[in-house]
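Undergrad: Here you go, one structure.
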Amino acid sequence: MMAANRFHPFKLMAGISWIVLLIATSGSVFAVDPPFLGVELTIPSETVPPGGMLQLKVQITEPKPISKGGQKSRFQAKFLSQPQGIALFSPDGDASGTAVLSKGAAQFSLSSPLLSMGMNIDYPIMTIAIPVKATAKIGDSAPLTLDPSLSRWVDPAGQDYPVVLTDGVVTVGGTLSISDIIPGGGLVPKGTTIAIRGVGFQPDSIVQVNESIPDTQTYIGPTEIDVTLGADIDMTSRRIRVRNPSSNERAVYYSYQRTSDMGLSKHVLVAATVPLFSQSTWKVAYFRPVLNGAQFSGLSVENPTAQPVKIKMQLFNSGGTLLKTRNVKLLPSKRYTRDLAEVFIGVVAGNGTSVKVTSPVAIPMLGLLGDDTLGTVDPVDPSPTL
């Protein structure tokens, strides 16, 4: 008896030829298609209650080393609010990027110098936290899509991977949802209280952090459960599960340090951009600005600590002469993202100049390369030297 081939039209479109391998075992013959050599991305479907949080997850189905990525995701629905947080995951913590937000969409530009992005199928490549309005009606639904016309994923040799994209659906329903983890990132000493925020928690809800059961679990109320762990843990990229035994409802959330803007840039494209920092932190970093026609440079710094941090930004000309200094008091859990023309007012931060950023404590930093004509913003990793 012969099993039928699995038909995959997207793979045919990607130009991947099928080879049927016939294997005879105990008189039976099976048809097996070879592994797909490209990148397969999927958005799992989600069910979220009114007032809950949709964490849209973009996952890779098979490990593939990715050097760069570009992807537009769409999630427009009347019952969804503006995104509250966006996170990027890579096993080595090297991936950085940007997300340019528009109504019901996010355009990602991603970079992974160590090629670890896409190498862990147990965690999403990226996530978007989007609140579901309290007025949402049970049964409402909307597509969660990956735009194939704005999808590019690059292999270590600089060649574009063939791509297969699978969309998901968000449906309003259920009672259980995780909205945030505090602290959501960084090294957390054992015994530290970790707050799990959301809706629909019950006194007998069961929490898991990755595969571990917390040492202690305290039910604060239907919107919070506090836990402690018996060992130090880096909370970045941890999978948090909550299950309600009475209904067997489950919610899954991937943690990260959520920060918010400290004011907004007056440059519309920069104001629409969410910086996605790698896990590297810096006390001193250098950037080389670009200013050419529609192209411009920006800068973003983030303070994930509980104390204000005084940041010094200095602009030098090609001969090393200091042109301008800007000091910024960066508040806790805030990020500062600006066009360099706003940072160094009255002085041109153009080709041939350099920017030095100094912080008393190591913090995430990221350069931005924008193009107003294309409406794009790409990440620029810091350099330890000029």
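Quick note on naming: the chains in the structure tokens go A, B, ... in the order shown, residues restart at 1 in each chain, and ligands are numbered from 1 in order of appearance.
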Quick one: contact table of stretch 28-147 of chain A to stretch 176-181 of chain A, 10 Å max, nearest atom pair and distance in Å to one decimal per residue, counting only C-alpha atoms, chain and number order, as a Markdown table?
TA:
| residue | atom | partner | partner_atom | distance |
| --- | --- | --- | --- | --- |
| A:Thr47 | CA | A:Ser177 | CA | 8.9 |
| A:Val48 | CA | A:Ser177 | CA | 6.4 |
| A:Pro49 | CA | A:Leu176 | CA | 6.6 |
| A:Pro50 | CA | A:Ser177 | CA | 9.4 |
| A:Gly51 | CA | A:Ser177 | CA | 8.7 |
| A:Gly52 | CA | A:Ser177 | CA | 5.3 |
| A:Met53 | CA | A:Ser179 | CA | 5.0 |
| A:Leu54 | CA | A:Ser179 | CA | 7.8 |
| A:Gln55 | CA | A:Ser179 | CA | 8.1 |
| A:Gln84 | CA | A:Ser179 | CA | 9.7 |
| A:Gly85 | CA | A:Asp180 | CA | 9.5 |
| A:Ala129 | CA | A:Ser179 | CA | 7.7 |
| A:Ile130 | CA | A:Ser179 | CA | 9.0 |
| A:Pro131 | CA | A:Ser179 | CA | 8.1 |
Undergrad: Could you give me, as JSON lines, a per-residue list for stretch 201-240 of chain A showing, wherever an atom lies at most 12 Å from an atom of stretch 259-281 of chain A, the closest pair of atoms and their distance in Å to one decimal, using only C-alpha atoms and sorting by chain then residue number from low to high?
TA:
{"residue": "A:Asp234", "atom": "CA", "partner": "A:Gln279", "partner_atom": "CA", "distance": 11.2}
{"residue": "A:Met235", "atom": "CA", "partner": "A:Gln279", "partner_atom": "CA", "distance": 11.9}
{"residue": "A:Thr236", "atom": "CA", "partner": "A:Gln279", "partner_atom": "CA", "distance": 8.9}
{"residue": "A:Ser237", "atom": "CA", "partner": "A:Gln279", "partner_atom": "CA", "distance": 10.7}
Undergrad: Identify which of the residues A:Gly367, A:Pro245, A:Pro183, A:Pro214 lies closest to A:Ala231, counting only C-alpha atoms when measuring atom-to-atom distances.
TA: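 The closest residue to A:Ala231 is A:Pro214.
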Undergrad: So that I can see what lies close to A:Arg239, please list as a count of residues only the residues with an atom at most 12 Å from it, counting only C-alpha atoms and leaving out residues fewer than 4 positions away in the same chain.
TA: 24
Undergrad: Can you check which residues of stretch 39-162 of chain A DSSP gives as strand (DSSP E or B) on the backbone and send them as a PyMOL selection string?
TA: chain A and resi 39-42+46-48+53-60+66+68-74+80+85-88+96-102+105-111+117+126-132+141-154+160
Undergrad: Please produce a file of those selected residues containing C-alpha atoms, as a JSON list (two decimals), in the first residue's frame.
TA:
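Result saved to part.json:
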[["chain", "number", "residue", "atom", "x", "y", "z"],
["A", 39, "VAL", "CA", 13.01, 29.30, 5.88],
["A", 40, "GLU", "CA", 9.53, 28.31, 7.04],
["A", 41, "LEU", "CA", 7.85, 30.86, 9.31],
["A", 42, "THR", "CA", 4.51, 30.52, 11.00],
["A", 46, "GLU", "CA", -4.33, 32.39, 19.48],
["A", 47, "THR", "CA", -7.47, 32.70, 21.60],
["A", 48, "VAL", "CA", -7.47, 35.76, 23.88],
["A", 53, "MET", "CA", -2.99, 40.44, 25.71],
["A", 54, "LEU", "CA", -2.31, 38.86, 22.35],
["A", 55, "GLN", "CA", 1.35, 37.91, 22.07],
["A", 56, "LEU", "CA", 1.76, 37.42, 18.33],
["A", 57, "LYS", "CA", 4.60, 34.93, 17.86],
["A", 58, "VAL", "CA", 6.59, 34.47, 14.66],
["A", 59, "GLN", "CA", 8.18, 31.02, 14.82],
["A", 60, "ILE", "CA", 10.58, 29.08, 12.61],
["A", 66, "ILE", "CA", 19.96, 33.75, 9.45],
["A", 68, "LYS", "CA", 19.60, 39.28, 8.12],
["A", 69, "GLY", "CA", 15.84, 39.38, 7.96],
["A", 70, "GLY", "CA", 13.09, 41.62, 6.70],
["A", 71, "GLN", "CA", 9.41, 40.88, 7.27],
["A", 72, "LYS", "CA", 6.13, 42.76, 7.44],
["A", 73, "SER", "CA", 3.49, 41.40, 9.80],
["A", 74, "ARG", "CA", -0.15, 42.52, 9.70],
["A", 80, "LEU", "CA", -6.97, 45.23, 18.90],
["A", 85, "GLY", "CA", 5.93, 45.77, 23.31],
["A", 86, "ILE", "CA", 8.02, 43.99, 20.68],
["A", 87, "ALA", "CA", 10.80, 41.50, 21.36],
["A", 88, "LEU", "CA", 13.47, 39.77, 19.29],
["A", 96, "SER", "CA", 19.18, 43.35, 16.84],
["A", 97, "GLY", "CA", 16.61, 45.12, 14.73],
["A", 98, "THR", "CA", 13.88, 47.66, 14.27],
["A", 99, "ALA", "CA", 10.12, 47.53, 13.84],
["A", 100, "VAL", "CA", 8.45, 50.41, 12.00],
["A", 101, "LEU", "CA", 4.82, 50.54, 13.13],
["A", 102, "SER", "CA", 1.89, 51.60, 11.00],
["A", 105, "ALA", "CA", 1.24, 46.39, 10.85],
["A", 106, "ALA", "CA", 4.93, 46.22, 11.73],
["A", 107, "GLN", "CA", 7.82, 46.20, 9.26],
["A", 108, "PHE", "CA", 10.84, 44.41, 10.74],
["A", 109, "SER", "CA", 14.50, 44.83, 9.78],
["A", 110, "LEU", "CA", 16.74, 42.35, 11.63],
["A", 111, "SER", "CA", 20.43, 41.51, 11.86],
["A", 117, "MET", "CA", 18.85, 34.00, 14.74],
["A", 126, "MET", "CA", 10.05, 37.74, 17.40],
["A", 127, "THR", "CA", 6.89, 38.59, 19.32],
["A", 128, "ILE", "CA", 4.45, 41.52, 19.40],
["A", 129, "ALA", "CA", 2.32, 42.21, 22.50],
["A", 130, "ILE", "CA", -1.03, 43.65, 21.40],
["A", 131, "PRO", "CA", -3.86, 44.38, 23.89],
["A", 132, "VAL", "CA", -7.33, 43.04, 23.14],
["A", 141, "SER", "CA", -11.59, 37.04, 14.94],
["A", 142, "ALA", "CA", -8.93, 38.54, 12.68],
["A", 143, "PRO", "CA", -6.07, 37.22, 10.56],
["A", 144, "LEU", "CA", -2.46, 37.42, 11.73],
["A", 145, "THR", "CA", -0.43, 37.50, 8.53],
["A", 146, "LEU", "CA", 3.14, 37.50, 7.25],
["A", 147, "ASP", "CA", 3.27, 39.58, 4.06],
["A", 148, "PRO", "CA", 5.02, 37.51, 1.33],
["A", 149, "SER", "CA", 5.72, 40.63, -0.75],
["A", 150, "LEU", "CA", 7.78, 42.11, 2.10],
["A", 151, "SER", "CA", 9.66, 39.03, 3.27],
["A", 152, "ARG", "CA", 13.41, 38.51, 2.89],
["A", 153, "TRP", "CA", 15.62, 36.18, 4.92],
["A", 154, "VAL", "CA", 19.34, 35.92, 4.17],
["A", 160, "ASP", "CA", 18.17, 34.86, -0.03]]
Undergrad: Looking at A:Glu342, A:Asp371, A:Asp140, A:Asp155, which one is nearest to A:Asn292, with distances taken over only C-alpha atoms?
TA: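 Ranked by minimum distance to A:Asn292, first place goes to A:Asp371.
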Undergrad: Fewer than 5 positions away in the same chain doesn't count, so skip those; otherwise give me all residues within 9 Å of stretch 306-314 of chain A, counting only C-alpha atoms, as a ChimeraX atom specification.
TA: /A:301,322-333,343-344,354-361
Undergrad: Measure the distance from atom CA of A:Ser81 to atom CA of A:Thr135 in Å and round it to one decimal.
TA: 11.1 Å
